[in-house]
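*Asks:* The file below is start38.tsv, TSV, C-alpha atoms and all ligand atoms:
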```tsv
chain	number	residue	atom	x	y	z
A	201	MET	CA	-142.97	-48.69	105.94
A	202	ASN	CA	-140.67	-47.91	103.03
A	203	LYS	CA	-141.43	-50.81	100.74
A	204	LEU	CA	-143.83	-50.03	97.92
A	205	LEU	CA	-147.11	-52.01	98.01
A	206	PRO	CA	-146.54	-53.75	101.38
A	207	THR	CA	-148.76	-56.85	101.60
A	208	SER	CA	-150.83	-58.07	104.53
A	209	THR	CA	-154.03	-59.96	105.40
A	210	ALA	CA	-157.29	-58.69	106.87
A	211	GLY	CA	-156.60	-60.88	109.91
A	212	SER	CA	-157.74	-64.44	110.44
A	213	LEU	CA	-156.19	-67.52	108.87
A	214	PRO	CA	-157.26	-71.18	109.13
A	215	LYS	CA	-156.45	-73.04	112.34
A	216	PRO	CA	-154.70	-76.43	112.34
A	217	SER	CA	-157.11	-79.38	112.69
A	218	TRP	CA	-155.58	-80.44	116.03
A	219	LEU	CA	-156.58	-77.08	117.56
A	220	ALA	CA	-160.08	-76.56	116.20
A	221	GLN	CA	-162.42	-78.07	113.60
A	222	PRO	CA	-161.27	-76.73	110.21
A	223	GLU	CA	-163.46	-74.80	107.78
A	224	THR	CA	-165.80	-73.74	110.58
A	225	LEU	CA	-166.44	-70.37	112.19
A	226	TRP	CA	-166.75	-70.22	116.01
A	227	SER	CA	-165.29	-73.72	116.09
A	228	PRO	CA	-164.76	-75.00	119.67
A	229	TRP	CA	-161.23	-75.77	120.89
A	230	LYS	CA	-160.07	-79.39	120.80
A	231	LEU	CA	-157.58	-78.89	123.66
A	232	GLU	CA	-157.96	-77.74	127.28
A	233	GLY	CA	-155.93	-76.09	130.03
A	234	GLU	CA	-152.16	-75.96	129.57
A	235	GLU	CA	-152.41	-77.97	126.35
A	236	LEU	CA	-154.69	-75.30	124.91
A	237	VAL	CA	-152.29	-72.50	125.92
A	238	ASP	CA	-149.39	-74.31	124.24
A	239	GLY	CA	-151.55	-75.30	121.27
A	240	LYS	CA	-152.57	-71.70	120.56
A	241	GLN	CA	-148.93	-70.57	120.70
A	242	ASP	CA	-147.84	-73.38	118.39
A	243	ALA	CA	-150.63	-72.47	115.95
A	244	LEU	CA	-149.59	-68.81	116.07
A	245	ARG	CA	-146.01	-69.80	115.21
A	246	LEU	CA	-147.21	-71.94	112.28
A	247	SER	CA	-149.47	-69.21	110.99
A	248	LEU	CA	-146.68	-66.65	111.24
A	249	GLN	CA	-144.29	-69.00	109.43
A	250	GLU	CA	-146.80	-69.39	106.58
A	251	GLN	CA	-147.22	-65.62	106.29
A	252	GLU	CA	-143.47	-65.04	106.28
A	253	HIS	CA	-142.92	-67.91	103.86
A	254	ALA	CA	-145.43	-66.34	101.47
A	255	GLY	CA	-143.47	-63.10	101.70
A	256	LEU	CA	-146.04	-60.89	103.45
A	257	ASP	CA	-144.62	-57.57	104.64
A	258	ILE	CA	-147.05	-56.98	107.51
A	259	VAL	CA	-147.81	-60.11	109.55
A	260	GLY	CA	-150.19	-61.04	112.35
A	261	ASP	CA	-151.22	-63.86	114.67
A	262	GLY	CA	-153.67	-65.26	112.10
A	263	GLU	CA	-156.17	-64.91	114.99
A	264	GLN	CA	-155.09	-68.34	116.22
A	265	SER	CA	-155.83	-67.47	119.84
A	266	ARG	CA	-159.48	-66.56	119.36
A	267	GLN	CA	-162.56	-68.57	118.56
A	268	HIS	CA	-164.37	-65.64	117.03
A	269	PHE	CA	-163.28	-62.11	116.17
A	270	VAL	CA	-165.91	-60.47	118.39
A	271	THR	CA	-167.03	-62.86	121.10
A	272	THR	CA	-163.55	-63.85	122.30
A	273	PHE	CA	-162.90	-60.21	123.22
A	274	ILE	CA	-166.30	-59.80	124.88
A	275	GLU	CA	-165.79	-63.02	126.89
A	276	HIS	CA	-162.99	-61.33	128.79
A	277	LEU	CA	-165.11	-58.40	129.95
A	278	GLU	CA	-167.04	-57.88	133.17
A	279	GLY	CA	-170.75	-57.15	132.90
A	280	VAL	CA	-171.46	-59.73	130.21
A	281	ASP	CA	-173.34	-62.95	130.99
A	282	PHE	CA	-172.37	-65.82	128.70
A	283	GLU	CA	-174.73	-68.32	130.38
A	284	HIS	CA	-177.91	-66.46	129.47
A	285	ARG	CA	-177.74	-66.21	125.75
A	286	GLU	CA	-180.30	-64.64	123.49
A	287	THR	CA	-180.90	-65.00	119.79
A	288	VAL	CA	-180.46	-61.74	117.90
A	289	ARG	CA	-180.18	-60.76	114.26
A	290	ILE	CA	-176.59	-59.97	113.34
A	291	ARG	CA	-176.20	-57.00	110.99
A	292	ASP	CA	-179.89	-57.50	109.99
A	293	ARG	CA	-178.76	-60.67	108.24
A	294	TYR	CA	-178.69	-63.85	110.29
A	295	ASP	CA	-179.66	-65.11	113.75
A	296	ALA	CA	-177.05	-66.02	116.31
A	297	SER	CA	-177.09	-66.96	119.96
A	298	VAL	CA	-175.18	-64.20	121.75
A	299	PRO	CA	-174.30	-63.24	125.34
A	300	THR	CA	-176.22	-60.63	127.34
A	301	VAL	CA	-174.96	-57.39	128.88
A	302	VAL	CA	-176.29	-57.46	132.45
A	303	GLY	CA	-174.21	-54.74	134.16
A	304	ALA	CA	-171.59	-52.06	133.61
A	305	VAL	CA	-168.98	-53.38	131.15
A	306	SER	CA	-165.29	-53.16	132.04
A	307	ARG	CA	-161.97	-54.80	131.23
A	308	LYS	CA	-160.51	-56.28	134.42
A	309	LYS	CA	-157.34	-57.44	132.69
A	310	PRO	CA	-155.76	-57.29	129.23
A	311	VAL	CA	-157.32	-59.59	126.63
A	312	PHE	CA	-154.76	-60.11	123.84
A	313	VAL	CA	-151.69	-58.34	125.21
A	314	GLU	CA	-149.79	-61.51	126.21
A	315	ASP	CA	-150.48	-63.02	122.77
A	316	ALA	CA	-149.20	-59.86	121.09
A	317	LYS	CA	-146.04	-59.89	123.23
A	318	PHE	CA	-145.48	-63.49	122.19
A	319	LEU	CA	-145.94	-62.62	118.50
A	320	ARG	CA	-143.48	-59.73	118.94
A	321	THR	CA	-140.81	-62.14	120.19
A	322	GLN	CA	-141.29	-64.32	117.09
A	323	THR	CA	-140.75	-61.81	114.29
A	324	ASP	CA	-138.99	-58.58	113.35
A	325	GLN	CA	-141.56	-57.80	110.64
A	326	LEU	CA	-144.21	-55.12	111.09
A	327	ILE	CA	-147.09	-56.62	113.04
A	328	LYS	CA	-150.77	-55.79	112.81
A	329	TRP	CA	-153.30	-56.73	115.48
A	330	ALA	CA	-157.07	-56.83	114.95
A	331	LEU	CA	-159.67	-55.89	117.55
A	332	PRO	CA	-163.43	-55.83	117.04
A	333	GLY	CA	-164.87	-52.34	116.58
A	334	SER	CA	-167.40	-51.10	119.11
A	335	MET	CA	-170.34	-50.92	116.68
A	336	THR	CA	-169.76	-54.51	115.59
A	337	MET	CA	-169.47	-55.55	119.26
A	338	ILE	CA	-172.86	-54.11	120.22
A	339	ASP	CA	-174.34	-55.85	117.20
A	340	THR	CA	-173.13	-59.22	118.52
A	341	LEU	CA	-174.82	-58.86	121.93
A	342	SER	CA	-178.13	-58.57	123.67
A	343	ASP	CA	-178.15	-55.51	125.96
A	344	LYS	CA	-180.30	-55.64	129.10
A	345	HIS	CA	-178.36	-52.95	130.98
A	346	TYR	CA	-177.61	-49.79	128.96
A	347	LYS	CA	-180.61	-50.21	126.65
A	348	SER	CA	-178.91	-47.85	124.22
A	349	ARG	CA	-176.66	-48.93	121.35
A	350	GLU	CA	-174.86	-45.62	121.45
A	351	LYS	CA	-174.13	-45.67	125.20
A	352	LEU	CA	-172.83	-49.23	125.07
A	353	ALA	CA	-170.68	-48.41	122.03
A	354	TRP	CA	-169.02	-45.55	123.94
A	355	GLU	CA	-168.28	-47.90	126.87
A	356	PHE	CA	-166.72	-50.43	124.50
A	357	ALA	CA	-164.69	-47.69	122.79
A	358	LYS	CA	-163.11	-46.77	126.16
A	359	ILE	CA	-162.28	-50.43	126.83
A	360	LEU	CA	-160.86	-50.89	123.31
A	361	ASN	CA	-158.67	-47.83	123.83
A	362	GLN	CA	-157.22	-49.35	127.04
A	363	GLU	CA	-156.47	-52.60	125.21
A	364	ALA	CA	-155.06	-50.78	122.15
A	365	LYS	CA	-152.65	-48.72	124.26
A	366	GLU	CA	-151.30	-51.89	125.87
A	367	LEU	CA	-150.99	-53.59	122.47
A	368	GLU	CA	-149.00	-50.59	121.26
A	369	ALA	CA	-146.73	-50.86	124.30
A	370	ALA	CA	-146.29	-54.58	123.51
A	371	GLY	CA	-144.77	-53.60	120.15
A	372	VAL	CA	-147.74	-53.80	117.79
A	373	ASP	CA	-147.16	-51.52	114.77
A	374	ILE	CA	-150.70	-51.33	113.40
A	375	ILE	CA	-153.92	-51.75	115.37
A	376	GLN	CA	-156.94	-52.59	113.25
A	377	PHE	CA	-160.58	-52.34	114.26
A	378	ASP	CA	-162.95	-54.70	112.46
A	379	GLU	CA	-166.17	-52.86	111.69
A	380	PRO	CA	-168.31	-54.83	109.19
A	381	ALA	CA	-171.29	-53.16	110.92
A	382	PHE	CA	-170.14	-49.83	109.37
A	383	ASN	CA	-171.34	-51.27	106.07
A	384	VAL	CA	-174.90	-51.71	107.32
A	385	PHE	CA	-175.89	-49.01	109.82
A	386	PHE	CA	-174.93	-45.86	107.90
A	387	ASP	CA	-177.01	-43.39	109.93
A	388	GLU	CA	-175.57	-44.64	113.21
A	389	VAL	CA	-172.04	-44.61	111.78
A	390	ASN	CA	-172.42	-40.95	110.87
A	391	ASP	CA	-174.25	-40.06	114.12
A	392	TRP	CA	-171.90	-41.70	116.60
A	393	GLY	CA	-170.14	-44.78	115.12
A	394	MET	CA	-167.22	-42.85	113.67
A	395	ALA	CA	-166.91	-40.85	116.92
A	396	THR	CA	-166.64	-44.07	118.96
A	397	LEU	CA	-163.94	-45.30	116.57
A	398	GLU	CA	-162.03	-42.05	117.16
A	399	ARG	CA	-162.41	-42.64	120.91
A	400	ALA	CA	-160.94	-46.14	120.52
A	401	ILE	CA	-157.78	-44.78	118.83
A	402	GLU	CA	-157.38	-41.72	121.09
A	403	GLY	CA	-153.75	-41.10	122.09
A	404	LEU	CA	-152.28	-43.95	120.02
A	405	LYS	CA	-148.94	-43.30	118.32
A	406	CYS	CA	-148.87	-46.50	116.29
A	407	GLN	CA	-150.71	-46.76	112.96
A	408	THR	CA	-154.45	-47.37	113.16
A	409	ALA	CA	-156.72	-49.13	110.69
A	410	VAL	CA	-160.37	-49.95	110.20
A	411	HIS	CA	-161.54	-53.03	108.28
A	412	ILE	CA	-164.93	-52.72	106.58
A	413	CYS	CA	-166.07	-55.65	104.48
A	414	TYR	CA	-169.06	-57.63	103.25
A	415	GLY	CA	-168.26	-60.51	105.60
A	416	TYR	CA	-166.79	-63.98	105.55
A	417	GLY	CA	-167.78	-66.34	102.76
A	418	ILE	CA	-170.56	-67.94	104.83
A	419	LYS	CA	-174.03	-68.66	103.42
A	420	ALA	CA	-175.87	-65.83	105.21
A	421	ASN	CA	-173.42	-63.32	103.76
A	422	THR	CA	-173.41	-64.67	100.22
A	423	GLU	CA	-177.25	-64.72	100.25
A	424	TRP	CA	-177.26	-61.11	101.51
A	425	LYS	CA	-174.84	-60.04	98.79
A	426	LYS	CA	-177.27	-61.36	96.16
A	427	THR	CA	-179.81	-58.77	97.35
A	428	LEU	CA	-177.42	-55.83	96.97
A	429	GLY	CA	-177.78	-55.45	93.22
A	430	SER	CA	-175.08	-55.04	90.62
A	431	GLU	CA	-173.31	-52.06	92.19
A	432	TRP	CA	-172.42	-52.08	95.86
A	433	ARG	CA	-172.31	-48.43	96.89
A	434	GLN	CA	-172.45	-48.93	100.68
A	435	TYR	CA	-168.97	-47.46	101.17
A	436	GLU	CA	-170.15	-44.20	99.62
A	437	GLN	CA	-172.28	-43.52	102.72
A	438	ILE	CA	-169.40	-43.58	105.17
A	439	PHE	CA	-166.25	-42.71	103.20
A	440	PRO	CA	-166.62	-38.92	103.41
A	441	LYS	CA	-166.57	-39.05	107.21
A	442	LEU	CA	-163.83	-41.67	107.23
A	443	GLN	CA	-161.69	-39.48	104.98
A	444	LYS	CA	-161.83	-36.71	107.59
A	445	SER	CA	-161.15	-39.06	110.52
A	446	ASN	CA	-157.84	-39.68	112.27
A	447	ILE	CA	-157.73	-43.31	111.13
A	448	ASP	CA	-154.57	-43.97	109.09
A	449	MET	CA	-155.55	-47.02	107.05
A	450	ILE	CA	-158.76	-48.44	105.62
A	451	SER	CA	-159.11	-52.12	104.75
A	452	LEU	CA	-161.64	-52.83	102.01
A	453	GLU	CA	-163.14	-55.55	99.88
A	454	CYS	CA	-162.35	-55.07	96.16
A	455	HIS	CA	-161.58	-58.29	94.22
A	456	ASN	CA	-164.62	-60.18	92.80
A	457	SER	CA	-166.75	-57.59	94.51
A	458	HIS	CA	-169.41	-55.30	93.08
A	459	VAL	CA	-167.91	-52.28	94.83
A	460	PRO	CA	-167.26	-49.64	92.13
A	461	MET	CA	-163.54	-48.96	92.34
A	462	ASP	CA	-164.00	-45.21	91.86
A	463	LEU	CA	-165.49	-44.99	95.37
A	464	LEU	CA	-161.89	-45.20	96.59
A	465	GLU	CA	-161.47	-41.63	95.36
A	466	LEU	CA	-163.58	-40.60	98.38
A	467	ILE	CA	-160.81	-41.64	100.78
A	468	ARG	CA	-157.90	-40.25	98.74
A	469	GLY	CA	-155.02	-39.48	101.10
A	470	LYS	CA	-155.63	-42.44	103.42
A	471	LYS	CA	-153.62	-45.64	103.23
A	472	VAL	CA	-155.83	-48.29	101.68
A	473	MET	CA	-155.56	-52.02	102.24
A	474	VAL	CA	-157.01	-53.09	98.91
A	475	GLY	CA	-158.71	-56.50	99.06
A	476	ALA	CA	-157.21	-58.34	96.10
A	477	ILE	CA	-158.08	-61.85	97.31
A	478	ASP	CA	-161.65	-63.20	97.40
A	479	VAL	CA	-162.24	-65.04	100.69
A	480	ALA	CA	-165.66	-66.35	99.62
A	481	SER	CA	-164.24	-68.66	96.95
A	482	ASN	CA	-161.89	-71.65	97.07
A	483	THR	CA	-160.46	-70.72	93.67
A	484	ILE	CA	-156.93	-69.45	94.12
A	485	GLU	CA	-156.39	-66.19	92.26
A	486	THR	CA	-153.59	-66.02	89.73
A	487	PRO	CA	-150.85	-63.43	90.35
A	488	GLY	CA	-152.10	-61.74	87.17
A	489	GLU	CA	-155.62	-61.35	88.60
A	490	VAL	CA	-154.22	-59.89	91.81
A	491	ALA	CA	-152.07	-57.50	89.77
A	492	ASN	CA	-155.15	-56.42	87.77
A	493	THR	CA	-157.09	-55.53	90.92
A	494	ILE	CA	-154.12	-53.55	92.25
A	495	ARG	CA	-153.73	-51.70	88.94
A	496	LYS	CA	-157.43	-50.74	88.97
A	497	ALA	CA	-157.14	-49.46	92.54
A	498	LEU	CA	-154.05	-47.43	91.60
A	499	GLN	CA	-156.31	-45.16	89.54
A	500	PHE	CA	-157.82	-43.92	92.82
A	501	VAL	CA	-155.17	-44.65	95.46
A	502	ASP	CA	-151.70	-43.11	95.35
A	503	ALA	CA	-149.08	-45.86	95.00
A	504	GLU	CA	-147.34	-44.94	98.27
A	505	ASN	CA	-150.67	-45.45	100.08
A	506	LEU	CA	-151.67	-48.79	98.60
A	507	CYS	CA	-151.30	-52.00	100.63
A	508	PRO	CA	-152.47	-55.17	98.81
A	509	CYS	CA	-154.51	-57.31	101.18
A	510	THR	CA	-157.24	-59.98	101.40
A	511	ASN	CA	-160.93	-58.97	101.22
A	512	CYS	CA	-161.56	-60.32	104.72
A	513	GLY	CA	-160.31	-63.07	107.05
A	514	MET	CA	-159.56	-66.54	105.67
A	515	ALA	CA	-160.39	-68.59	108.81
A	516	PRO	CA	-163.13	-70.67	107.13
A	517	LEU	CA	-160.99	-71.72	104.13
A	518	PRO	CA	-159.04	-75.00	103.81
A	519	ARG	CA	-155.42	-74.38	104.83
A	520	HIS	CA	-153.84	-75.20	101.47
A	521	ILE	CA	-156.23	-72.79	99.73
A	522	ALA	CA	-155.37	-69.99	102.17
A	523	ARG	CA	-151.66	-70.68	101.65
A	524	GLY	CA	-152.12	-70.54	97.88
A	525	LYS	CA	-153.99	-67.26	98.15
A	526	LEU	CA	-151.22	-65.70	100.29
A	527	GLN	CA	-148.66	-66.71	97.64
A	528	ALA	CA	-150.84	-65.27	94.86
A	529	LEU	CA	-151.20	-62.00	96.78
A	530	THR	CA	-147.48	-61.45	97.18
A	531	ALA	CA	-146.71	-62.61	93.61
A	532	GLY	CA	-149.35	-60.24	92.20
A	533	ALA	CA	-148.06	-57.33	94.28
A	534	ALA	CA	-144.53	-58.07	93.07
A	535	ILE	CA	-145.66	-57.77	89.42
A	536	VAL	CA	-147.12	-54.29	89.97
A	537	ARG	CA	-144.19	-53.22	92.17
A	538	ARG	CA	-141.81	-54.04	89.29
A	539	GLU	CA	-143.99	-52.05	86.90
A	540	LEU	CA	-144.04	-49.03	89.19
A	541	LEU	CA	-140.30	-49.13	89.74
A	542	GLY	CA	-139.72	-49.61	86.02
A	543	LYS	CA	-137.74	-52.82	86.44
A	601	ZN	ZN	-164.05	-58.73	107.07
```
Let me see the file written as structure tokens.
Ligand SMILES: [Zn+2]

*Replies:*
Amino acid sequence: MNKLLPTSTAGSLPKPSWLAQPETLWSPWKLEGEELVDGKQDALRLSLQEQEHAGLDIVGDGEQSRQHFVTTFIEHLEGVDFEHRETVRIRDRYDASVPTVVGAVSRKKPVFVEDAKFLRTQTDQLIKWALPGSMTMIDTLSDKHYKSREKLAWEFAKILNQEAKELEAAGVDIIQFDEPAFNVFFDEVNDWGMATLERAIEGLKCQTAVHICYGYGIKANTEWKKTLGSEWRQYEQIFPKLQKSNIDMISLECHNSHVPMDLLELIRGKKVMVGAIDVASNTIETPGEVANTIRKALQFVDAENLCPCTNCGMAPLPRHIARGKLQALTAGAAIVRRELLGK
């Protein structure tokens, strides 16, 4: 990646209304069978076109082929019963009806590899693919089999590693693990969470990333954020270990956030996907605002390591808002790029 300040998104983008109900998380598909297969591919092409049109340097599938960033992956695994659901508290924040682990978990066949191959045929740009992280997966389940969060996380890490290796072989340049749970369960992250993340990336030659955020702009998250006080120092708990890890890139929430920017000093040396777009607001940032966030981050991140990005996924936003935010992101990055290059 030679371009200075390469832009990308955290992952998800809105789906077209003919594929799934807009502005809704976990929205059910509107198509079935072959029509659904074609519909997902068409949506992926549209999403890619919008990313390329906005001028993003690192593109993705916009997560058009999954209903939810965690459960769609789990649905493809053996050992999980989707009929018998239980209500659990997600990240100590909100209740959700989730599937149950009833036996040994395993991946009988690849989950996203065909989708990634399809994306690879559609673009020559760098592509990034997101997978759920193992700690976030165990937090979105009820476990009746292993009865140990740690044991189940290790099993998921092995499965994620199998999937990641096949995604790499399919031509994915960056594999990202989404770990919002890292922002909540600090003791577990330091005890075994980081180790399971290392297991998930074992043997990969492509770039690896971890995305750690304060969640989508849904009510349960915005209510939770109100309880966090004026300075959000959660990252401070896990950055020292992350800095020493083998992960190449870290994707973080920065714009409109109460995260003190100087915490980024703790991961100096890593590539940082700096969240310069707020996904919890329908107000489209100006390029100047994006540039300001990038300039602040540059005090703590070396320019060659900074990748302007969104705070989190944009799936729940109206499509025109998400498009506007992508444009603002690339325009803001262009301002700072010109400054750095002295043009
Ligand atoms: Zn996120």

*Asks:* Would you please work out which residue, of A:Ile327, A:Ala491, A:Ala420, A:Leu498, is nearest to Val536 in chain A when using all atoms listed in the file?

*Replies:* A:Ala491

*Asks:* Produce a table with one row for each residue of chain A that has an atom at most 8 Å from any atom of ligand ZN 601 (chain A), each row naming the nearest atom pair and its distance in Å at one decimal; use all atoms listed in the file; arrange rows by chain and rising residue number; format as a tab-separated table.

*Replies:*
```
residue	atom	partner	partner_atom	distance
A:Ala210	CA	A:ZN601	ZN	6.8
A:Asp378	CA	A:ZN601	ZN	6.8
A:Glu379	CA	A:ZN601	ZN	7.8
A:Pro380	CA	A:ZN601	ZN	6.2
A:His411	CA	A:ZN601	ZN	6.3
A:Ile412	CA	A:ZN601	ZN	6.1
A:Cys413	CA	A:ZN601	ZN	4.5
A:Tyr414	CA	A:ZN601	ZN	6.4
A:Gly415	CA	A:ZN601	ZN	4.8
A:Tyr416	CA	A:ZN601	ZN	6.1
A:Glu453	CA	A:ZN601	ZN	7.9
A:Asn511	CA	A:ZN601	ZN	6.6
A:Cys512	CA	A:ZN601	ZN	3.8
A:Gly513	CA	A:ZN601	ZN	5.7
```

*Asks:* Work out how far apart CA of Leu428 in chain A and CA of Pro460 in chain A are and give it in Å to one decimal.

*Replies:* 12.8 Å

*Asks:* Determine the nearest neighbour of Arg349 in chain A from the options A:Leu517, A:Val301, A:Ala534, A:Leu326, counting only C-alpha atoms.

*Replies:* A:Val301

*Asks:* Need to verify the contact set: Arg433 in chain A, 10 Å, all atoms listed in the file, exclusion of same-chain residues closer than 3 positions in sequence. Can you return it as a PDB file with C-alpha atoms, in the frame of the given file?

*Replies:*
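The resulting file, selection_2.pdb, is reproduced below:
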```pdb
ATOM      1  CA  ASN A 383    -171.340 -51.270 106.070  1.00  0.00           C
ATOM      2  CA  LEU A 428    -177.420 -55.830  96.970  1.00  0.00           C
ATOM      3  CA  GLY A 429    -177.780 -55.450  93.220  1.00  0.00           C
ATOM      4  CA  SER A 430    -175.080 -55.040  90.620  1.00  0.00           C
ATOM      5  CA  GLU A 436    -170.150 -44.200  99.620  1.00  0.00           C
ATOM      6  CA  GLN A 437    -172.280 -43.520 102.720  1.00  0.00           C
ATOM      7  CA  HIS A 458    -169.410 -55.300  93.080  1.00  0.00           C
ATOM      8  CA  VAL A 459    -167.910 -52.280  94.830  1.00  0.00           C
ATOM      9  CA  PRO A 460    -167.260 -49.640  92.130  1.00  0.00           C
ATOM     10  CA  MET A 461    -163.540 -48.960  92.340  1.00  0.00           C
ATOM     11  CA  LEU A 463    -165.490 -44.990  95.370  1.00  0.00           C
TER      12      LEU A 463
END
```

*Asks:* Could you give me, as a PyMOL selection string, the residues within 12 Å of range 314-317 of chain A, counting all atoms listed in the file and dropping anything in the same chain fewer than 2 positions from it?

*Replies:* chain A and resi 237-238+240-245+259-266+309-312+319-323+327-331+363-364+366-375
